[in-house]
$ cat work_34.txt   # compact mmCIF, N, CA and C atoms
# COMPACT_ATOMS: atom_id res chain seq x y z
N MET A 1 -20.37 26.92 -2.55
CA MET A 1 -19.48 25.83 -2.91
C MET A 1 -18.08 26.10 -2.38
N ALA A 2 -17.34 25.04 -2.12
CA ALA A 2 -15.98 25.17 -1.62
C ALA A 2 -15.07 25.71 -2.72
N GLU A 3 -13.96 26.32 -2.31
CA GLU A 3 -13.01 26.85 -3.27
C GLU A 3 -12.40 25.71 -4.08
N LYS A 4 -12.28 25.91 -5.38
CA LYS A 4 -11.78 24.86 -6.27
C LYS A 4 -10.25 24.79 -6.21
N PRO A 5 -9.70 23.64 -5.84
CA PRO A 5 -8.24 23.50 -5.81
C PRO A 5 -7.67 23.44 -7.23
N LEU A 6 -6.39 23.78 -7.37
CA LEU A 6 -5.74 23.76 -8.67
C LEU A 6 -5.30 22.35 -9.05
N PHE A 7 -4.96 21.55 -8.05
CA PHE A 7 -4.53 20.18 -8.30
C PHE A 7 -4.84 19.35 -7.07
N ILE A 8 -4.75 18.03 -7.26
CA ILE A 8 -4.96 17.09 -6.16
C ILE A 8 -3.67 16.28 -6.04
N PRO A 9 -3.08 16.18 -4.85
CA PRO A 9 -1.89 15.35 -4.68
C PRO A 9 -2.20 13.88 -5.02
N ARG A 10 -1.31 13.26 -5.75
CA ARG A 10 -1.54 11.88 -6.21
C ARG A 10 -1.94 10.90 -5.10
N PRO A 11 -1.33 10.96 -3.90
CA PRO A 11 -1.76 9.99 -2.87
C PRO A 11 -3.27 10.09 -2.54
N LEU A 12 -3.84 11.27 -2.64
CA LEU A 12 -5.27 11.42 -2.36
C LEU A 12 -6.11 10.79 -3.47
N VAL A 13 -5.64 10.92 -4.70
CA VAL A 13 -6.32 10.28 -5.83
C VAL A 13 -6.25 8.76 -5.65
N ARG A 14 -5.09 8.27 -5.23
CA ARG A 14 -4.93 6.82 -5.02
C ARG A 14 -5.88 6.30 -3.93
N VAL A 15 -6.06 7.07 -2.87
CA VAL A 15 -6.99 6.67 -1.81
C VAL A 15 -8.39 6.48 -2.41
N ASN A 16 -8.81 7.42 -3.22
CA ASN A 16 -10.13 7.32 -3.84
C ASN A 16 -10.22 6.08 -4.73
N GLN A 17 -9.16 5.81 -5.49
CA GLN A 17 -9.15 4.63 -6.36
C GLN A 17 -9.24 3.35 -5.54
N TRP A 18 -8.53 3.29 -4.42
CA TRP A 18 -8.60 2.11 -3.55
C TRP A 18 -9.99 1.95 -2.95
N ILE A 19 -10.61 3.05 -2.54
CA ILE A 19 -11.97 2.98 -1.97
C ILE A 19 -12.94 2.41 -3.00
N ILE A 20 -12.83 2.88 -4.24
CA ILE A 20 -13.70 2.37 -5.30
C ILE A 20 -13.45 0.88 -5.51
N LEU A 21 -12.20 0.50 -5.65
CA LEU A 21 -11.86 -0.91 -5.89
C LEU A 21 -12.32 -1.81 -4.74
N LEU A 22 -11.97 -1.45 -3.51
CA LEU A 22 -12.31 -2.29 -2.36
C LEU A 22 -13.82 -2.34 -2.10
N SER A 23 -14.51 -1.24 -2.33
CA SER A 23 -15.97 -1.23 -2.15
C SER A 23 -16.65 -2.12 -3.18
N THR A 24 -16.13 -2.09 -4.38
CA THR A 24 -16.70 -2.93 -5.44
C THR A 24 -16.48 -4.41 -5.13
N ILE A 25 -15.28 -4.75 -4.72
CA ILE A 25 -14.99 -6.14 -4.35
C ILE A 25 -15.86 -6.56 -3.16
N ALA A 26 -16.00 -5.69 -2.17
CA ALA A 26 -16.85 -6.00 -1.01
C ALA A 26 -18.30 -6.21 -1.43
N THR A 27 -18.75 -5.44 -2.40
CA THR A 27 -20.12 -5.62 -2.92
C THR A 27 -20.29 -7.02 -3.48
N TRP A 28 -19.31 -7.49 -4.23
CA TRP A 28 -19.39 -8.83 -4.80
C TRP A 28 -19.31 -9.91 -3.72
N VAL A 29 -18.37 -9.75 -2.81
CA VAL A 29 -18.14 -10.77 -1.78
C VAL A 29 -19.37 -10.91 -0.86
N PHE A 30 -19.89 -9.76 -0.40
CA PHE A 30 -20.99 -9.79 0.56
C PHE A 30 -22.38 -9.71 -0.09
N GLN A 31 -22.40 -9.59 -1.43
CA GLN A 31 -23.67 -9.50 -2.16
C GLN A 31 -24.55 -8.38 -1.59
N GLN A 32 -23.94 -7.23 -1.31
CA GLN A 32 -24.63 -6.08 -0.73
C GLN A 32 -24.39 -4.84 -1.60
N PRO A 33 -25.30 -4.56 -2.54
CA PRO A 33 -25.11 -3.43 -3.45
C PRO A 33 -24.99 -2.08 -2.76
N PHE A 34 -25.56 -1.94 -1.57
CA PHE A 34 -25.49 -0.64 -0.88
C PHE A 34 -24.05 -0.22 -0.62
N ILE A 35 -23.11 -1.16 -0.60
CA ILE A 35 -21.71 -0.81 -0.39
C ILE A 35 -21.20 0.11 -1.51
N LEU A 36 -21.79 -0.03 -2.70
CA LEU A 36 -21.41 0.84 -3.82
C LEU A 36 -21.75 2.30 -3.54
N LEU A 37 -22.69 2.52 -2.62
CA LEU A 37 -23.07 3.90 -2.30
C LEU A 37 -21.95 4.66 -1.59
N ILE A 38 -21.04 3.93 -0.96
CA ILE A 38 -19.93 4.58 -0.25
C ILE A 38 -19.06 5.39 -1.22
N PRO A 39 -18.47 4.76 -2.24
CA PRO A 39 -17.68 5.57 -3.18
C PRO A 39 -18.55 6.47 -4.06
N LEU A 40 -19.78 6.03 -4.33
CA LEU A 40 -20.67 6.84 -5.17
C LEU A 40 -20.95 8.19 -4.51
N ILE A 41 -21.35 8.17 -3.26
CA ILE A 41 -21.67 9.41 -2.55
C ILE A 41 -20.40 10.25 -2.36
N ALA A 42 -19.29 9.63 -2.02
CA ALA A 42 -18.04 10.37 -1.83
C ALA A 42 -17.64 11.08 -3.12
N ASN A 43 -17.77 10.40 -4.25
CA ASN A 43 -17.39 11.01 -5.53
C ASN A 43 -18.39 12.07 -5.97
N LEU A 44 -19.66 11.88 -5.68
CA LEU A 44 -20.65 12.92 -5.97
C LEU A 44 -20.35 14.18 -5.15
N MET A 45 -20.00 14.00 -3.89
CA MET A 45 -19.63 15.14 -3.05
C MET A 45 -18.38 15.85 -3.59
N GLY A 46 -17.42 15.07 -4.05
CA GLY A 46 -16.22 15.65 -4.64
C GLY A 46 -16.53 16.42 -5.91
N LEU A 47 -17.40 15.85 -6.74
CA LEU A 47 -17.75 16.48 -8.01
C LEU A 47 -18.50 17.79 -7.80
N PHE A 48 -19.49 17.78 -6.91
CA PHE A 48 -20.35 18.95 -6.76
C PHE A 48 -19.89 19.95 -5.69
N PHE A 49 -19.18 19.48 -4.67
CA PHE A 49 -18.81 20.36 -3.56
C PHE A 49 -17.31 20.44 -3.32
N ASN A 50 -16.51 19.79 -4.20
CA ASN A 50 -15.05 19.75 -4.00
C ASN A 50 -14.69 19.21 -2.62
N PHE A 51 -15.47 18.25 -2.14
CA PHE A 51 -15.24 17.68 -0.82
C PHE A 51 -15.48 16.18 -0.88
N ASN A 52 -14.42 15.42 -1.13
CA ASN A 52 -14.49 13.97 -1.06
C ASN A 52 -14.03 13.61 0.36
N PRO A 53 -14.92 13.03 1.19
CA PRO A 53 -14.55 12.79 2.59
C PRO A 53 -13.33 11.88 2.76
N PHE A 54 -13.13 10.95 1.86
CA PHE A 54 -11.97 10.05 1.97
C PHE A 54 -10.68 10.80 1.66
N MET A 55 -10.73 11.66 0.65
CA MET A 55 -9.55 12.46 0.33
C MET A 55 -9.26 13.46 1.45
N LYS A 56 -10.31 14.02 2.01
CA LYS A 56 -10.14 14.98 3.10
C LYS A 56 -9.47 14.30 4.30
N LEU A 57 -9.93 13.10 4.63
CA LEU A 57 -9.35 12.35 5.74
C LEU A 57 -7.91 11.95 5.42
N ALA A 58 -7.67 11.47 4.21
CA ALA A 58 -6.33 11.04 3.82
C ALA A 58 -5.34 12.21 3.84
N ARG A 59 -5.82 13.41 3.58
CA ARG A 59 -4.95 14.60 3.59
C ARG A 59 -4.27 14.77 4.95
N LEU A 60 -4.95 14.34 6.01
CA LEU A 60 -4.38 14.43 7.36
C LEU A 60 -3.13 13.56 7.52
N PHE A 61 -2.99 12.55 6.68
CA PHE A 61 -1.89 11.60 6.80
C PHE A 61 -0.74 11.86 5.82
N LEU A 62 -0.85 12.91 5.02
CA LEU A 62 0.25 13.24 4.11
C LEU A 62 1.48 13.61 4.93
N LYS A 63 2.62 13.09 4.53
CA LYS A 63 3.86 13.35 5.28
C LYS A 63 4.58 14.60 4.79
N LYS A 64 4.23 15.04 3.56
CA LYS A 64 4.85 16.24 2.99
C LYS A 64 3.73 17.25 2.71
N LYS A 65 4.14 18.44 2.33
CA LYS A 65 3.16 19.44 1.90
C LYS A 65 2.50 18.94 0.62
N PRO A 66 1.21 19.20 0.44
CA PRO A 66 0.52 18.73 -0.78
C PRO A 66 1.24 19.10 -2.07
N SER A 67 1.86 20.27 -2.11
CA SER A 67 2.55 20.72 -3.32
C SER A 67 3.80 19.90 -3.64
N GLU A 68 4.27 19.09 -2.70
CA GLU A 68 5.47 18.28 -2.92
C GLU A 68 5.18 16.92 -3.54
N TYR A 69 3.90 16.63 -3.73
CA TYR A 69 3.51 15.37 -4.37
C TYR A 69 3.25 15.60 -5.86
N ILE A 70 3.25 14.53 -6.62
CA ILE A 70 2.90 14.62 -8.04
C ILE A 70 1.47 15.16 -8.12
N PRO A 71 1.27 16.25 -8.87
CA PRO A 71 -0.07 16.84 -8.95
C PRO A 71 -0.95 16.12 -9.98
N GLU A 72 -2.20 15.96 -9.63
CA GLU A 72 -3.20 15.42 -10.55
C GLU A 72 -4.16 16.56 -10.88
N ASP A 73 -4.42 16.75 -12.16
CA ASP A 73 -5.27 17.84 -12.63
C ASP A 73 -6.71 17.66 -12.13
N VAL A 74 -7.27 18.73 -11.59
CA VAL A 74 -8.62 18.68 -11.03
C VAL A 74 -9.65 18.40 -12.12
N VAL A 75 -9.54 19.06 -13.27
CA VAL A 75 -10.51 18.85 -14.35
C VAL A 75 -10.47 17.40 -14.80
N GLN A 76 -9.26 16.87 -14.97
CA GLN A 76 -9.11 15.46 -15.37
C GLN A 76 -9.72 14.53 -14.34
N GLN A 77 -9.48 14.81 -13.06
CA GLN A 77 -10.00 13.95 -12.00
C GLN A 77 -11.52 14.03 -11.91
N LYS A 78 -12.08 15.19 -12.19
CA LYS A 78 -13.55 15.31 -12.19
C LYS A 78 -14.14 14.52 -13.35
N PHE A 79 -13.46 14.52 -14.50
CA PHE A 79 -13.89 13.71 -15.63
C PHE A 79 -13.87 12.22 -15.25
N ASN A 80 -12.76 11.79 -14.65
CA ASN A 80 -12.63 10.40 -14.21
C ASN A 80 -13.71 10.06 -13.18
N SER A 81 -13.97 11.00 -12.30
CA SER A 81 -15.00 10.80 -11.27
C SER A 81 -16.37 10.62 -11.90
N CYS A 82 -16.65 11.37 -12.97
CA CYS A 82 -17.94 11.22 -13.66
C CYS A 82 -18.10 9.81 -14.23
N ILE A 83 -17.01 9.28 -14.77
CA ILE A 83 -17.05 7.91 -15.29
C ILE A 83 -17.30 6.93 -14.15
N ALA A 84 -16.58 7.10 -13.04
CA ALA A 84 -16.76 6.21 -11.89
C ALA A 84 -18.17 6.32 -11.33
N ILE A 85 -18.68 7.53 -11.20
CA ILE A 85 -20.03 7.75 -10.69
C ILE A 85 -21.05 7.03 -11.57
N THR A 86 -20.90 7.18 -12.87
CA THR A 86 -21.83 6.53 -13.81
C THR A 86 -21.80 5.01 -13.66
N CYS A 87 -20.59 4.45 -13.62
CA CYS A 87 -20.48 2.99 -13.49
C CYS A 87 -20.99 2.50 -12.14
N LEU A 88 -20.66 3.21 -11.07
CA LEU A 88 -21.14 2.81 -9.74
C LEU A 88 -22.66 2.88 -9.67
N LEU A 89 -23.23 3.96 -10.20
CA LEU A 89 -24.68 4.13 -10.16
C LEU A 89 -25.38 3.07 -11.00
N LEU A 90 -24.89 2.83 -12.21
CA LEU A 90 -25.52 1.82 -13.07
C LEU A 90 -25.33 0.42 -12.50
N GLY A 91 -24.20 0.16 -11.87
CA GLY A 91 -23.99 -1.12 -11.21
C GLY A 91 -24.97 -1.29 -10.06
N PHE A 92 -25.10 -0.27 -9.24
CA PHE A 92 -26.04 -0.30 -8.12
C PHE A 92 -27.47 -0.53 -8.61
N ILE A 93 -27.87 0.21 -9.62
CA ILE A 93 -29.23 0.07 -10.17
C ILE A 93 -29.42 -1.35 -10.70
N GLY A 94 -28.42 -1.86 -11.41
CA GLY A 94 -28.53 -3.22 -11.95
C GLY A 94 -28.76 -4.25 -10.85
N PHE A 95 -27.97 -4.18 -9.81
CA PHE A 95 -28.13 -5.13 -8.70
C PHE A 95 -29.48 -4.94 -8.00
N GLU A 96 -29.88 -3.70 -7.78
CA GLU A 96 -31.13 -3.42 -7.07
C GLU A 96 -32.36 -3.83 -7.88
N LEU A 97 -32.26 -3.76 -9.20
CA LEU A 97 -33.40 -4.14 -10.06
C LEU A 97 -33.34 -5.62 -10.44
N ASP A 98 -32.51 -6.37 -9.74
CA ASP A 98 -32.36 -7.80 -10.00
C ASP A 98 -31.93 -8.07 -11.44
N LYS A 99 -31.01 -7.22 -11.90
CA LYS A 99 -30.38 -7.38 -13.21
C LYS A 99 -28.88 -7.55 -12.96
N PRO A 100 -28.50 -8.73 -12.44
CA PRO A 100 -27.10 -8.91 -12.02
C PRO A 100 -26.10 -8.76 -13.16
N VAL A 101 -26.48 -9.10 -14.39
CA VAL A 101 -25.54 -8.95 -15.50
C VAL A 101 -25.17 -7.48 -15.65
N MET A 102 -26.18 -6.61 -15.60
CA MET A 102 -25.94 -5.17 -15.67
C MET A 102 -25.07 -4.72 -14.50
N GLY A 103 -25.40 -5.20 -13.31
CA GLY A 103 -24.63 -4.84 -12.12
C GLY A 103 -23.18 -5.24 -12.24
N TYR A 104 -22.94 -6.46 -12.69
CA TYR A 104 -21.56 -6.92 -12.81
C TYR A 104 -20.81 -6.23 -13.95
N ILE A 105 -21.47 -5.97 -15.06
CA ILE A 105 -20.79 -5.30 -16.17
C ILE A 105 -20.22 -3.95 -15.70
N PHE A 106 -21.06 -3.15 -15.05
CA PHE A 106 -20.62 -1.81 -14.66
C PHE A 106 -19.66 -1.83 -13.47
N THR A 107 -19.84 -2.76 -12.56
CA THR A 107 -18.91 -2.80 -11.43
C THR A 107 -17.56 -3.40 -11.84
N ILE A 108 -17.57 -4.33 -12.76
CA ILE A 108 -16.30 -4.86 -13.28
C ILE A 108 -15.55 -3.76 -14.00
N MET A 109 -16.28 -2.94 -14.77
CA MET A 109 -15.62 -1.84 -15.48
C MET A 109 -14.97 -0.86 -14.51
N VAL A 110 -15.71 -0.46 -13.46
CA VAL A 110 -15.16 0.53 -12.53
C VAL A 110 -14.04 -0.08 -11.68
N ALA A 111 -14.17 -1.35 -11.31
CA ALA A 111 -13.12 -2.01 -10.54
C ALA A 111 -11.85 -2.16 -11.39
N ALA A 112 -12.03 -2.56 -12.64
CA ALA A 112 -10.87 -2.71 -13.53
C ALA A 112 -10.18 -1.36 -13.75
N ALA A 113 -10.97 -0.32 -14.00
CA ALA A 113 -10.38 1.01 -14.22
C ALA A 113 -9.62 1.48 -12.97
N SER A 114 -10.20 1.26 -11.80
CA SER A 114 -9.54 1.67 -10.56
C SER A 114 -8.25 0.86 -10.33
N GLY A 115 -8.34 -0.43 -10.53
CA GLY A 115 -7.17 -1.28 -10.34
C GLY A 115 -6.05 -0.94 -11.31
N ILE A 116 -6.40 -0.72 -12.56
CA ILE A 116 -5.40 -0.36 -13.57
C ILE A 116 -4.79 1.01 -13.25
N ALA A 117 -5.62 1.94 -12.77
CA ALA A 117 -5.12 3.27 -12.39
C ALA A 117 -4.14 3.18 -11.23
N ILE A 118 -4.45 2.33 -10.27
CA ILE A 118 -3.55 2.12 -9.13
C ILE A 118 -2.19 1.61 -9.63
N LEU A 119 -2.22 0.80 -10.66
CA LEU A 119 -0.98 0.26 -11.23
C LEU A 119 -0.25 1.27 -12.12
N GLY A 120 -0.92 2.39 -12.44
CA GLY A 120 -0.21 3.45 -13.16
C GLY A 120 -0.76 3.89 -14.50
N PHE A 121 -1.78 3.22 -15.03
CA PHE A 121 -2.35 3.66 -16.31
C PHE A 121 -3.79 4.10 -16.08
N CYS A 122 -4.06 5.34 -16.42
CA CYS A 122 -5.39 5.90 -16.20
C CYS A 122 -6.22 5.82 -17.48
N ILE A 123 -7.20 4.94 -17.49
CA ILE A 123 -8.07 4.78 -18.65
C ILE A 123 -8.88 6.05 -18.89
N GLY A 124 -9.39 6.66 -17.81
CA GLY A 124 -10.16 7.90 -17.95
C GLY A 124 -9.31 9.01 -18.55
N CYS A 125 -8.04 9.07 -18.16
CA CYS A 125 -7.13 10.09 -18.71
C CYS A 125 -6.93 9.87 -20.20
N PHE A 126 -6.81 8.61 -20.60
CA PHE A 126 -6.66 8.28 -22.02
C PHE A 126 -7.90 8.70 -22.80
N ILE A 127 -9.07 8.39 -22.28
CA ILE A 127 -10.33 8.78 -22.94
C ILE A 127 -10.43 10.30 -23.03
N PHE A 128 -10.10 10.99 -21.93
CA PHE A 128 -10.14 12.45 -21.88
C PHE A 128 -9.24 13.04 -22.97
N PHE A 129 -8.02 12.52 -23.07
CA PHE A 129 -7.07 12.99 -24.08
C PHE A 129 -7.61 12.76 -25.49
N GLN A 130 -8.17 11.58 -25.73
CA GLN A 130 -8.70 11.28 -27.06
C GLN A 130 -9.87 12.21 -27.41
N LEU A 131 -10.71 12.51 -26.44
CA LEU A 131 -11.83 13.43 -26.68
C LEU A 131 -11.32 14.84 -26.99
N LYS A 132 -10.28 15.27 -26.28
CA LYS A 132 -9.70 16.59 -26.55
C LYS A 132 -9.09 16.62 -27.96
N GLN A 133 -8.42 15.55 -28.36
CA GLN A 133 -7.85 15.47 -29.70
C GLN A 133 -8.94 15.53 -30.76
N LEU A 134 -10.02 14.79 -30.53
CA LEU A 134 -11.13 14.77 -31.47
C LEU A 134 -11.75 16.17 -31.59
N ARG A 135 -11.96 16.82 -30.45
CA ARG A 135 -12.53 18.17 -30.44
C ARG A 135 -11.62 19.13 -31.22
N TYR A 136 -10.32 19.02 -31.02
CA TYR A 136 -9.37 19.86 -31.74
C TYR A 136 -9.47 19.63 -33.25
N LYS A 137 -9.49 18.36 -33.66
CA LYS A 137 -9.56 18.03 -35.08
C LYS A 137 -10.86 18.54 -35.69
N LEU A 138 -11.98 18.41 -34.96
CA LEU A 138 -13.25 18.89 -35.47
C LEU A 138 -13.26 20.40 -35.62
N ARG A 139 -12.72 21.10 -34.64
CA ARG A 139 -12.63 22.57 -34.72
C ARG A 139 -11.75 22.99 -35.89
N LYS A 140 -10.63 22.30 -36.04
CA LYS A 140 -9.68 22.62 -37.11
C LYS A 140 -10.32 22.41 -38.48
N SER A 141 -11.10 21.34 -38.63
CA SER A 141 -11.72 21.05 -39.91
C SER A 141 -12.87 22.02 -40.23
N THR A 142 -13.55 22.55 -39.23
CA THR A 142 -14.63 23.50 -39.49
C THR A 142 -14.11 24.90 -39.79
N HIS A 143 -12.86 25.19 -39.39
CA HIS A 143 -12.27 26.50 -39.65
C HIS A 143 -11.37 26.48 -40.88
N ALA A 144 -11.26 25.35 -41.55
CA ALA A 144 -10.37 25.24 -42.70
C ALA A 144 -11.04 25.71 -43.98

$ encode --input "work_34.txt" --output "C-alpha cells"
Amino acid sequence: MAEKPLFIPRPLVRVNQWIILLSTIATWVFQQPFILLIPLIANLMGLFFNFNPFMKLARLFLKKKPSEYIPEDVVQQKFNSCIAITCLLLGFIGFELDKPVMGYIFTIMVAAASGIAILGFCIGCFIFFQLKQLRYKLRKSTHA
C-alpha cells in the first residue's frame, strides 16, 4: 500500500467533490448509470490504496506547496469517502436494477452532500463529529 499522507490540501478535496457532483449530474442528464463508476472507483482507490487519480492529477496544478493550503484530515476524508462510496454504489445498483427511486435517492444525497461541501459545510464532517461525541459520552458513562 502507498504511504499514508498526514493531510490532504483542500483544493484536492474540492476536485474530488466536483467530480462526484458533476458525474452524478451527468448520470441524470444522460441516463447512464455507468458514469457513477468514475467517482466510485476513484474513491475506492483512494480509500484502499491512498491513490485517488483525480486528486493525483490535480496535485500537478497546485500553485503552492501542498503544506501551504488549508489541510483536510485524512481520517475525516476517508470517512466522507465511505459515505460517498456507499451512496454512489447504492445509486448505481438502484439504476441498474431498474429501481430508479432508489437510484435517485442515493444520487441526490451524494450530489447534495458534495454541492454543500463545495459551498463550505461538510455534512460528513458533522456526522463524524457527532459520532465521536456519542462514543465519548458512551465511554464516559460506562466508566462512571

$ residues_around --input "work_34.txt" --residues "stretch 25-30 of chain A" --least-positions-apart "5" --cutoff "8 Å" --atoms "all atoms listed in the file" --output "PyMOL selection string"
chain A and resi 19-20+35-36+107+111

$ closest_residue --input "work_34.txt" --among "A:Val13, A:Val110, A:Ala117, A:Ile105" --to "A:Tyr69" --atoms "only C-alpha atoms"
A:Val13

$ closest_residue --input "work_34.txt" --among "A:Met102, A:Ala84, A:Val15, A:Leu44" --to "A:Ala58" --atoms "only N, CA and C atoms"
A:Val15

$ closest_residue --input "work_34.txt" --among "A:Phe92, A:Phe7, A:Tyr104, A:Phe79" --to "A:Phe126" --atoms "only C-alpha atoms"
A:Phe79

$ closest_residue --input "work_34.txt" --among "A:Lys78, A:Glu68, A:Leu37, A:Ala113" --to "A:Phe49" --atoms "only C-alpha atoms"
A:Lys78

$ atom_distance --input "work_34.txt" --atom1 "atom C of A:Ser81" --atom2 "atom CA of A:Glu96"
20.9 Å

$ residues_around --input "work_34.txt" --residues "A:Phe54" --least-positions-apart "5" --cutoff "7 Å" --atoms "only N, CA and C atoms" --output "ChimeraX atom specification"
/A:12,15-16,42,59

$ closest_residue --input "work_34.txt" --among "A:Asn43, A:Lys65, A:Lys137, A:Asn80" --to "A:Cys125" --atoms "only N, CA and C atoms"
A:Asn80

$ atom_distance --input "work_34.txt" --atom1 "atom N of A:Ile85" --atom2 "atom C of A:Leu21"
13.0 Å

$ atom_distance --input "work_34.txt" --atom1 "atom CA of A:Phe129" --atom2 "atom CA of A:Thr86"
19.1 Å

$ closest_residue --input "work_34.txt" --among "A:Val75, A:Leu90, A:Ile127, A:Leu97" --to "A:Met109" --atoms "only C-alpha atoms"
A:Leu90
